[in-house]
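So this block is structure37.txt, compact mmCIF, C-alpha atoms and all ligand atoms:
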# COMPACT_ATOMS: atom_id res chain seq x y z
CA MET A 1 -8.11 -12.95 18.51
CA ASN A 2 -6.06 -15.87 17.24
CA GLY A 3 -4.19 -15.97 20.53
CA VAL A 4 -2.60 -12.60 19.80
CA SER A 5 -2.66 -9.82 22.38
CA ASP A 6 -2.70 -6.40 20.81
CA GLU A 7 -1.45 -3.96 23.42
CA LEU A 8 -2.42 -0.88 21.49
CA THR A 9 -5.48 -2.36 19.82
CA LEU A 10 -5.52 0.42 17.25
CA PHE A 11 -6.14 -2.38 14.77
CA THR A 12 -8.00 -5.56 15.66
CA ARG A 13 -7.30 -8.70 13.67
CA HIS A 14 -10.34 -10.38 12.15
CA PRO A 15 -11.11 -13.78 13.73
CA ALA A 16 -11.44 -15.30 10.23
CA ASN A 17 -7.81 -14.43 9.39
CA PRO A 18 -6.13 -15.22 7.14
CA LEU A 19 -8.93 -14.43 4.68
CA LEU A 20 -7.29 -15.64 1.48
CA CYS A 21 -4.48 -18.04 0.81
CA LYS A 22 -3.21 -20.04 -2.16
CA GLU A 23 -5.61 -22.93 -1.51
CA ASN A 24 -8.54 -20.58 -2.30
CA TRP A 25 -7.29 -19.86 -5.82
CA PRO A 26 -9.08 -21.26 -8.87
CA TYR A 27 -5.76 -21.90 -10.62
CA PRO A 28 -2.35 -23.08 -9.35
CA ILE A 29 -0.33 -20.35 -7.65
CA SER A 30 2.55 -20.09 -5.25
CA SER A 31 1.16 -17.38 -2.93
CA VAL A 32 -1.33 -14.50 -2.62
CA PHE A 33 -0.56 -11.31 -0.69
CA ASN A 34 -0.29 -7.46 -0.77
CA ALA A 35 -3.69 -6.51 -2.22
CA GLY A 36 -5.09 -3.14 -3.24
CA ALA A 37 -8.64 -2.67 -1.90
CA VAL A 38 -11.75 -0.66 -2.79
CA GLN A 39 -15.43 -0.73 -2.05
CA LEU A 40 -17.25 -0.78 -5.38
CA ALA A 41 -20.43 1.19 -6.16
CA ASP A 42 -22.48 -2.02 -5.77
CA GLY A 43 -21.17 -2.42 -2.21
CA ASP A 44 -18.79 -5.29 -2.96
CA THR A 45 -15.26 -5.16 -1.59
CA LEU A 46 -12.74 -5.75 -4.34
CA LEU A 47 -9.22 -6.88 -3.58
CA LEU A 48 -6.69 -6.68 -6.40
CA CYS A 49 -4.31 -9.30 -5.11
CA ARG A 50 -0.67 -9.81 -5.86
CA ILE A 51 -0.30 -13.40 -6.99
CA GLU A 52 3.10 -15.01 -7.21
CA ASP A 53 2.88 -17.86 -9.67
CA ARG A 54 5.05 -20.94 -9.69
CA SER A 55 7.57 -19.35 -12.01
CA GLY A 56 8.26 -16.84 -9.22
CA LEU A 57 6.82 -13.88 -11.18
CA SER A 58 3.80 -11.90 -10.01
CA HIS A 59 0.54 -10.78 -11.62
CA LEU A 60 -2.67 -9.25 -10.25
CA CYS A 61 -5.98 -11.02 -9.71
CA ALA A 62 -9.29 -9.58 -8.49
CA ALA A 63 -11.39 -11.12 -5.69
CA ARG A 64 -14.83 -9.73 -4.83
CA SER A 65 -16.92 -10.24 -1.69
CA ALA A 66 -20.22 -8.81 -0.44
CA ASN A 67 -18.99 -8.42 3.16
CA GLY A 68 -15.22 -8.04 2.65
CA VAL A 69 -14.56 -11.12 4.78
CA ASP A 70 -15.77 -14.27 3.05
CA GLY A 71 -17.63 -15.57 0.03
CA TRP A 72 -14.85 -14.33 -2.26
CA ARG A 73 -15.51 -14.58 -5.99
CA ILE A 74 -12.09 -14.85 -7.55
CA ASP A 75 -11.45 -14.16 -11.22
CA PRO A 76 -10.92 -17.59 -12.86
CA LYS A 77 -7.73 -16.35 -14.52
CA PRO A 78 -5.27 -13.47 -14.00
CA THR A 79 -6.96 -10.04 -14.11
CA LEU A 80 -3.87 -8.00 -15.02
CA MET A 81 -0.77 -9.74 -16.35
CA ALA A 82 2.60 -8.25 -17.09
CA ASN A 83 2.82 -7.28 -20.75
CA PRO A 84 6.57 -7.20 -21.44
CA GLN A 85 6.10 -6.97 -25.24
CA GLN A 86 4.57 -3.51 -24.89
CA PHE A 87 5.97 -2.67 -21.47
CA PRO A 88 9.48 -4.13 -21.12
CA GLU A 89 9.70 -2.73 -17.59
CA GLU A 90 7.31 -5.57 -16.62
CA ILE A 91 9.49 -8.45 -17.80
CA TRP A 92 9.76 -9.89 -14.28
CA GLY A 93 6.14 -9.28 -13.34
CA ILE A 94 3.90 -6.73 -11.62
CA GLU A 95 3.40 -6.40 -7.86
CA ASP A 96 1.84 -4.54 -4.92
CA PRO A 97 -1.08 -2.55 -6.42
CA ARG A 98 -2.47 0.51 -4.60
CA ILE A 99 -5.88 1.67 -5.79
CA THR A 100 -7.23 5.22 -5.61
CA TYR A 101 -10.69 6.21 -6.82
CA VAL A 102 -10.38 9.51 -8.69
CA PRO A 103 -13.77 11.27 -8.85
CA GLU A 104 -12.61 13.76 -11.51
CA LEU A 105 -11.74 10.89 -13.87
CA GLU A 106 -14.56 8.62 -12.70
CA GLN A 107 -11.95 5.87 -12.71
CA TYR A 108 -9.71 3.94 -10.38
CA ALA A 109 -5.99 4.63 -10.63
CA VAL A 110 -3.86 1.56 -9.90
CA ALA A 111 -0.23 2.31 -9.06
CA TYR A 112 1.84 -0.87 -9.04
CA THR A 113 5.41 -2.08 -9.05
CA SER A 114 6.78 -3.18 -12.42
CA PHE A 115 9.88 -5.33 -12.15
CA ALA A 116 12.69 -5.67 -14.72
CA ARG A 117 16.45 -5.69 -15.09
CA GLY A 118 16.77 -2.11 -13.85
CA GLY A 119 14.98 -3.06 -10.63
CA PRO A 120 11.46 -2.17 -9.48
CA GLY A 121 9.74 0.90 -10.94
CA VAL A 122 6.28 2.47 -10.55
CA SER A 123 3.66 1.89 -13.26
CA LEU A 124 0.14 3.25 -13.55
CA ALA A 125 -3.09 1.90 -15.06
CA LEU A 126 -6.61 3.33 -15.04
CA THR A 127 -9.77 1.24 -14.93
CA LYS A 128 -13.51 1.66 -14.48
CA ASP A 129 -14.34 -1.96 -13.73
CA PHE A 130 -11.18 -3.98 -13.01
CA ARG A 131 -11.83 -5.91 -16.22
CA SER A 132 -10.19 -3.63 -18.79
CA PHE A 133 -7.28 -1.33 -18.01
CA GLU A 134 -5.67 1.65 -19.73
CA ARG A 135 -1.95 1.30 -19.11
CA TYR A 136 0.21 4.39 -18.73
CA GLY A 137 3.43 2.38 -18.50
CA VAL A 138 6.24 3.21 -16.11
CA ILE A 139 5.85 6.64 -14.51
CA MET A 140 8.74 6.48 -12.02
CA SER A 141 11.91 4.83 -13.24
CA PRO A 142 13.77 2.26 -11.13
CA GLU A 143 14.54 1.94 -8.39
CA ASP A 144 11.19 3.07 -7.05
CA LYS A 145 8.06 1.46 -5.49
CA ASP A 146 5.41 1.83 -2.75
CA ALA A 147 3.39 4.37 -4.76
CA ALA A 148 -0.19 5.67 -4.62
CA LEU A 149 -1.97 8.56 -6.28
CA LEU A 150 -3.85 11.15 -4.22
CA PRO A 151 -7.55 11.15 -5.20
CA ARG A 152 -7.66 14.80 -6.24
CA ARG A 153 -5.37 17.46 -7.66
CA ILE A 154 -3.31 19.59 -5.30
CA GLY A 155 -2.92 23.14 -6.59
CA GLY A 156 -4.09 21.97 -10.02
CA ARG A 157 -1.63 19.04 -10.29
CA TRP A 158 -1.91 15.32 -9.61
CA ALA A 159 0.25 14.10 -6.74
CA LEU A 160 1.93 10.72 -6.27
CA ILE A 161 3.54 9.38 -3.11
CA HIS A 162 6.38 6.95 -3.83
CA ARG A 163 9.64 5.54 -2.48
CA PRO A 164 12.68 5.87 -4.73
CA MET A 165 15.99 4.39 -3.60
CA THR A 166 18.57 7.12 -3.86
CA THR A 167 21.99 7.78 -2.40
CA LEU A 168 20.04 9.64 0.30
CA GLY A 169 18.37 6.38 1.35
CA ALA A 170 14.91 4.80 1.17
CA HIS A 171 12.62 7.72 2.03
CA MET A 172 9.08 8.70 0.99
CA TRP A 173 8.74 11.32 -1.73
CA ILE A 174 5.96 13.24 -3.46
CA SER A 175 5.92 14.17 -7.16
CA TYR A 176 3.44 16.20 -9.20
CA SER A 177 2.04 15.95 -12.73
CA PRO A 178 -0.32 17.94 -14.97
CA ASP A 179 -1.45 14.84 -16.90
CA LEU A 180 -0.45 11.66 -14.96
CA ARG A 181 2.31 11.08 -17.55
CA HIS A 182 4.93 13.74 -16.92
CA TRP A 183 6.15 13.99 -13.34
CA GLY A 184 8.34 16.55 -11.56
CA SER A 185 8.74 18.83 -8.50
CA HIS A 186 10.03 15.79 -6.58
CA LYS A 187 10.37 16.29 -2.83
CA ILE A 188 11.09 14.13 0.21
CA ILE A 189 8.12 14.13 2.58
CA LEU A 190 9.20 11.59 5.20
CA GLU A 191 12.65 10.23 5.93
CA ALA A 192 13.57 6.86 7.36
CA ARG A 193 15.03 7.39 10.80
CA ARG A 194 18.40 5.97 11.75
CA GLY A 195 20.06 3.83 14.37
CA GLY A 196 17.82 1.75 16.61
CA TRP A 197 14.45 3.09 15.49
CA TRP A 198 11.80 0.61 14.26
CA ASP A 199 11.65 2.60 11.00
CA ALA A 200 15.39 3.07 10.52
CA ASN A 201 16.91 3.09 7.03
CA LYS A 202 13.91 1.98 4.96
CA ILE A 203 10.31 3.16 4.92
CA GLY A 204 7.52 3.24 2.31
CA LEU A 205 3.85 4.07 1.92
CA CYS A 206 1.43 1.24 2.71
CA SER A 207 -2.20 1.78 1.68
CA PRO A 208 -3.20 4.99 -0.18
CA PRO A 209 -3.30 8.21 1.91
CA ILE A 210 -6.61 8.87 3.71
CA GLU A 211 -8.09 12.38 3.52
CA THR A 212 -9.26 13.49 6.99
CA ALA A 213 -10.30 16.89 8.36
CA LYS A 214 -6.87 17.13 10.05
CA GLY A 215 -4.77 16.18 7.03
CA TRP A 216 -3.68 13.26 4.85
CA LEU A 217 -3.25 10.29 7.14
CA MET A 218 -0.58 7.93 5.86
CA ILE A 219 0.08 4.44 7.11
CA TYR A 220 3.67 3.58 6.26
CA HIS A 221 5.92 0.60 6.80
CA GLY A 222 9.27 0.57 8.49
CA VAL A 223 11.75 -2.21 7.87
CA ARG A 224 13.94 -3.20 10.75
CA GLN A 225 17.01 -5.26 9.91
CA THR A 226 17.91 -7.88 12.49
CA ALA A 227 20.38 -10.75 12.68
CA SER A 228 17.60 -13.11 11.53
CA GLY A 229 16.13 -10.92 8.77
CA SER A 230 13.77 -7.98 8.31
CA ILE A 231 10.67 -7.08 10.35
CA TYR A 232 7.98 -5.10 8.48
CA ARG A 233 5.84 -2.99 10.85
CA LEU A 234 3.39 -0.09 10.44
CA GLY A 235 3.48 3.50 11.65
CA LEU A 236 1.46 6.69 11.16
CA ALA A 237 2.16 10.17 9.82
CA LEU A 238 -0.12 13.12 9.01
CA PHE A 239 0.43 15.63 6.19
CA ASP A 240 -1.05 19.02 5.36
CA LEU A 241 -4.20 18.77 3.23
CA GLU A 242 -3.33 21.44 0.66
CA ASN A 243 0.43 21.07 0.95
CA PRO A 244 1.02 17.34 1.43
CA GLU A 245 4.78 17.69 1.40
CA VAL A 246 4.48 19.19 4.89
CA CYS A 247 4.48 16.55 7.63
CA LEU A 248 2.36 17.72 10.56
CA GLN A 249 2.76 14.73 12.86
CA ARG A 250 4.70 11.49 12.93
CA GLY A 251 4.22 8.73 15.46
CA ASN A 252 7.21 7.52 17.41
CA SER A 253 6.20 3.89 17.89
CA TRP A 254 4.99 1.34 15.44
CA ILE A 255 1.27 0.57 15.76
CA PHE A 256 0.95 -2.86 14.14
CA GLY A 257 3.52 -5.58 13.58
CA PRO A 258 3.80 -9.30 12.88
CA GLU A 259 2.50 -11.22 15.90
CA ALA A 260 -0.02 -13.80 14.66
CA PRO A 261 1.41 -17.10 13.38
CA TYR A 262 0.30 -16.33 9.79
CA GLU A 263 2.23 -13.02 9.96
CA ARG A 264 5.33 -14.48 11.57
CA LEU A 265 5.77 -17.54 9.38
CA GLY A 266 5.51 -17.81 5.61
CA ASP A 267 7.48 -17.31 2.41
CA VAL A 268 8.98 -14.20 4.02
CA ASN A 269 8.72 -14.29 7.80
CA ASP A 270 7.64 -11.34 9.95
CA VAL A 271 5.88 -9.19 7.38
CA VAL A 272 2.64 -7.21 7.57
CA PHE A 273 2.23 -5.26 4.34
CA PRO A 274 -1.07 -3.46 3.64
CA CYS A 275 -1.65 -2.07 0.14
CA GLY A 276 -5.30 -1.13 0.61
CA GLN A 277 -8.19 -0.31 2.90
CA THR A 278 -11.91 0.33 2.77
CA ILE A 279 -13.69 2.87 4.96
CA ASP A 280 -17.27 2.39 6.16
CA ALA A 281 -20.07 4.88 5.52
CA ASP A 282 -19.48 6.28 9.04
CA GLY A 283 -16.25 7.79 7.65
CA ASP A 284 -14.38 6.29 10.61
CA THR A 285 -14.18 2.50 10.54
CA ILE A 286 -11.17 1.43 8.52
CA HIS A 287 -10.65 -2.11 7.22
CA LEU A 288 -6.99 -2.64 6.45
CA TYR A 289 -6.15 -5.50 4.09
CA TYR A 290 -2.58 -6.67 4.38
CA GLY A 291 -0.24 -9.27 3.03
CA ALA A 292 0.95 -11.49 5.86
CA ALA A 293 4.39 -13.12 5.60
CA ASP A 294 4.15 -12.79 1.77
CA SER A 295 1.86 -15.84 1.87
CA ASN A 296 -1.74 -14.79 2.47
CA ILE A 297 -4.13 -11.86 2.93
CA ALA A 298 -5.46 -10.79 6.33
CA LEU A 299 -7.75 -8.06 7.66
CA ALA A 300 -7.50 -5.73 10.65
CA THR A 301 -10.08 -3.10 11.60
CA GLY A 302 -9.62 0.22 13.38
CA SER A 303 -10.99 3.74 13.82
CA ILE A 304 -9.59 6.74 11.95
CA ARG A 305 -10.57 8.98 14.88
CA ARG A 306 -8.52 6.81 17.24
CA LEU A 307 -5.54 6.75 14.87
CA LEU A 308 -5.58 10.56 14.78
CA SER A 309 -5.86 10.94 18.54
CA TRP A 310 -3.09 8.39 19.02
CA LEU A 311 -0.89 10.58 16.82
CA ASP A 312 -1.65 13.58 19.06
CA SER A 313 -0.10 11.78 22.02
CA ASN A 314 2.63 9.76 20.32
CA MET A 315 4.20 12.09 17.82
CA SER A 316 7.76 13.24 17.72
CA LEU A 317 7.82 17.05 17.54
CA SER A 318 6.58 17.34 13.92
CA ASP A 319 9.79 15.56 13.06
CA ARG A 320 9.87 14.37 9.47
CA ARG A 321 13.66 14.28 9.36
CA ALA A 322 16.00 11.41 10.01
CA VAL A 323 17.40 11.34 13.52
C1 LIG A 401 8.98 -5.44 -0.18
C2 LIG A 401 8.02 -5.74 -1.33
C3 LIG A 401 6.78 -6.41 -0.83
C4 LIG A 401 7.08 -7.56 0.11
C5 LIG A 401 8.07 -7.12 1.17
C6 LIG A 401 8.47 -8.25 2.11
O1 LIG A 401 10.18 -4.96 -0.66
O2 LIG A 401 8.66 -6.57 -2.27
O3 LIG A 401 6.05 -6.90 -1.93
O4 LIG A 401 5.89 -7.95 0.75
O5 LIG A 401 9.23 -6.62 0.54
O6 LIG A 401 9.05 -9.31 1.39
Represent the structure of the file as structure tokens.
Ligand code: BMA
Amino acid sequence: MNGVSDELTLFTRHPANPLLCKENWPYPISSVFNAGAVQLADGDTLLLCRIEDRSGLSHLCAARSANGVDGWRIDPKPTLMANPQQFPEEIWGIEDPRITYVPELEQYAVAYTSFARGGPGVSLALTKDFRSFERYGVIMSPEDKDAALLPRRIGGRWALIHRPMTTLGAHMWISYSPDLRHWGSHKIILEARRGGWWDANKIGLCSPPIETAKGWLMIYHGVRQTASGSIYRLGLALFDLENPEVCLQRGNSWIFGPEAPYERLGDVNDVVFPCGQTIDADGDTIHLYYGAADSNIALATGSIRRLLSWLDSNMSLSDRRAV
């Protein structure tokens, strides 16, 4: 596996990694990373990739593949560009899309970071086909990011997971809305720990929450600050199905971190940053697509059943609080 030993092997790196890098792009770019992912009705895997162009600003571009590994058909030009005339909160680009299919709307909801003078905020767009988009504009004002919509209403309201920066710190929150436009009932659902923990001080949602029989499974990132920079790693937490602000389990250790050369070295070293996954028809096999070192896109595969049983034996006593 690319010379990398994975002690836990909850996620196995694909031998073809990295799957996509700037050399694959049909137009000049600086880097491709942090992609939202879905399996389309026709069976294709679609990645909505964050592309950083050579001005330094980001846009989104779709890549489609029959097997989710190779043979990518990449849109010949940007799929979704910032539109600062109509949406001034996008003046410095759009980043890190997370895609949720919403059966009630028969559409995909794309939550992404819009970047402007006030800092990063959360914007929302709906689409049926990843060719035309209905933009809702900014739905969480700066400074906020790492957002994804839950695929169904909770108690009659839509629910969004996101990560505002507040004087309390960089924790994960949930907010609710009757119409996807007006948001309230904001609550912290998971706090960054403190001190020496791998997820001290700054955490955020990775790919969209996964509905399982035991609860909403969330893969989140923790950012460890070191003398030579940050290390982005992944951890797991489980939340109540009908009351997702209640954390049922949280893992103590990280489960996936930068180890392969393409994760350790790039525009930003030591980053694994998934924004999307696809799940096979067996309901268990999970394909996690992640940005590696802010320079390319890689794939790791695991089992939802194994992630849940790992949580059973590695959780801290239902502890969602900072310690
Ligand atoms: C985060 C986001 C991600 C990026 C990561 C590491 O704050 O900006 O898009 O991958 O930092 O640079």
Using all atoms listed in the file, find each residue with an atom at most 6 Å away from ligand LIG 401 (chain A) and format the answer as a list of chain:residue names.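 So the residues close to ligand LIG 401 (chain A) are A:Asp96, A:Val268, A:Val271, A:Phe273, A:Asp294.
Residue nearest A:Phe87 within the list A:Ile139, A:Ala16, A:Val223, A:Ala63: A:Ile139 [criterion: smallest interatomic distance, all atoms listed in the file].
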Quick one: everything within 10 Å of A:Leu217, counting all atoms listed in the file, minus sequence neighbours fewer than 3 positions away in the same chain. Send it as number ranges by chain. A: 208-214, 220, 236-241, 247-250, 304, 307-308, 311
Taking into account only C-alpha atoms, which residue in the set A:Glu245, A:Met140, A:Gly235, A:Trp310 is nearest to A:Leu190? A:Glu245
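Excluding A:Tyr101 itself and same-chain residues fewer than 4 positions from it, the residues having an atom within 9 Å of it are Val38, Leu105, Glu106, Gln107, Tyr108, Ala109, Val110, Leu150 and Pro151 of chain A, counting all atoms listed in the file.
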Residue contacts of A:Ala300 (10 Å, all atoms listed in the file) excluding same-chain residues fewer than 2 positions away, as a ChimeraX atom specification: /A:9-15,17,256,274,277,286-290,298,302
For a quick check of understanding, using all atoms listed in the file, which of A:Val122, A:Leu20, A:Ala227, A:Ala281 has the smallest distance to A:Asp70? A:Leu20
Report the distance between atom CA of A:Ile297 and atom CA of A:Asp282 in Å, rounded to one decimal place.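 These atoms are spaced 24.5 Å apart.
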Export of stretch 132-143 of chain A: all heavy atoms, as a compact mmCIF listing (two decimals), in the first residue's frame:
# COMPACT_ATOMS: atom_id res chain seq x y z
N SER A 132 -26.38 22.81 -13.67
CA SER A 132 -26.95 24.10 -13.26
C SER A 132 -27.24 24.04 -11.75
O SER A 132 -27.55 22.96 -11.21
CB SER A 132 -28.20 24.43 -14.06
OG SER A 132 -29.21 23.52 -13.74
N PHE A 133 -27.09 25.19 -11.12
CA PHE A 133 -27.17 25.26 -9.65
C PHE A 133 -28.11 26.40 -9.25
O PHE A 133 -28.10 27.47 -9.88
CB PHE A 133 -25.79 25.56 -9.06
CG PHE A 133 -24.78 24.45 -9.28
CD1 PHE A 133 -24.09 24.35 -10.49
CD2 PHE A 133 -24.53 23.52 -8.29
CE1 PHE A 133 -23.16 23.34 -10.70
CE2 PHE A 133 -23.60 22.51 -8.49
CZ PHE A 133 -22.90 22.42 -9.70
N GLU A 134 -28.92 26.15 -8.21
CA GLU A 134 -29.70 27.24 -7.62
C GLU A 134 -28.96 27.68 -6.36
O GLU A 134 -28.82 26.92 -5.40
CB GLU A 134 -31.10 26.72 -7.25
CG GLU A 134 -32.00 27.79 -6.67
CD GLU A 134 -33.29 27.24 -6.07
OE1 GLU A 134 -33.50 26.00 -6.12
OE2 GLU A 134 -34.07 28.04 -5.54
N ARG A 135 -28.49 28.92 -6.39
CA ARG A 135 -27.66 29.39 -5.27
C ARG A 135 -28.52 30.03 -4.19
O ARG A 135 -29.36 30.88 -4.49
CB ARG A 135 -26.63 30.41 -5.78
CG ARG A 135 -25.55 29.82 -6.65
CD ARG A 135 -24.84 30.92 -7.38
NE ARG A 135 -23.47 31.08 -6.93
CZ ARG A 135 -22.41 30.78 -7.70
NH1 ARG A 135 -22.55 30.34 -8.92
NH2 ARG A 135 -21.19 30.94 -7.23
N TYR A 136 -28.28 29.62 -2.96
CA TYR A 136 -28.99 30.22 -1.82
C TYR A 136 -28.16 31.32 -1.16
O TYR A 136 -28.62 31.96 -0.23
CB TYR A 136 -29.31 29.14 -0.78
CG TYR A 136 -30.55 28.33 -1.11
CD1 TYR A 136 -30.65 27.63 -2.31
CD2 TYR A 136 -31.62 28.27 -0.22
CE1 TYR A 136 -31.77 26.89 -2.62
CE2 TYR A 136 -32.75 27.53 -0.52
CZ TYR A 136 -32.82 26.83 -1.71
OH TYR A 136 -33.94 26.10 -2.01
N GLY A 137 -26.92 31.51 -1.62
CA GLY A 137 -26.06 32.52 -1.01
C GLY A 137 -25.53 32.05 0.33
O GLY A 137 -25.56 30.86 0.65
N VAL A 138 -25.02 33.00 1.10
CA VAL A 138 -24.38 32.64 2.37
C VAL A 138 -25.47 32.33 3.40
O VAL A 138 -26.43 33.07 3.54
CB VAL A 138 -23.41 33.77 2.82
CG1 VAL A 138 -24.14 35.00 3.33
CG2 VAL A 138 -22.43 33.27 3.86
N ILE A 139 -25.34 31.18 4.06
CA ILE A 139 -26.35 30.81 5.07
C ILE A 139 -25.78 30.84 6.48
O ILE A 139 -26.54 30.82 7.44
CB ILE A 139 -27.00 29.43 4.78
CG1 ILE A 139 -25.93 28.33 4.69
CG2 ILE A 139 -27.84 29.47 3.50
CD1 ILE A 139 -26.51 26.92 4.72
N MET A 140 -24.47 30.85 6.61
CA MET A 140 -23.83 31.04 7.92
C MET A 140 -22.73 32.07 7.74
O MET A 140 -21.80 31.87 6.96
CB MET A 140 -23.20 29.73 8.44
CG MET A 140 -24.20 28.68 8.82
SD MET A 140 -25.13 29.15 10.29
CE MET A 140 -26.51 28.02 10.10
N SER A 141 -22.86 33.18 8.45
CA SER A 141 -21.94 34.30 8.23
C SER A 141 -20.56 33.96 8.80
O SER A 141 -20.42 33.07 9.65
CB SER A 141 -22.51 35.56 8.87
OG SER A 141 -22.75 35.32 10.23
N PRO A 142 -19.53 34.67 8.31
CA PRO A 142 -18.16 34.38 8.76
C PRO A 142 -18.03 34.63 10.27
O PRO A 142 -18.73 35.46 10.79
CB PRO A 142 -17.31 35.38 7.98
CG PRO A 142 -18.18 35.82 6.85
CD PRO A 142 -19.58 35.73 7.33
N GLU A 143 -17.14 33.97 10.89
CA GLU A 143 -16.23 32.99 10.34
C GLU A 143 -16.79 31.61 10.60
O GLU A 143 -17.02 31.24 11.75
CB GLU A 143 -14.84 33.17 10.99
CG GLU A 143 -13.79 32.30 10.36
CD GLU A 143 -12.39 32.59 10.87
OE1 GLU A 143 -12.15 33.69 11.38
OE2 GLU A 143 -11.56 31.68 10.76
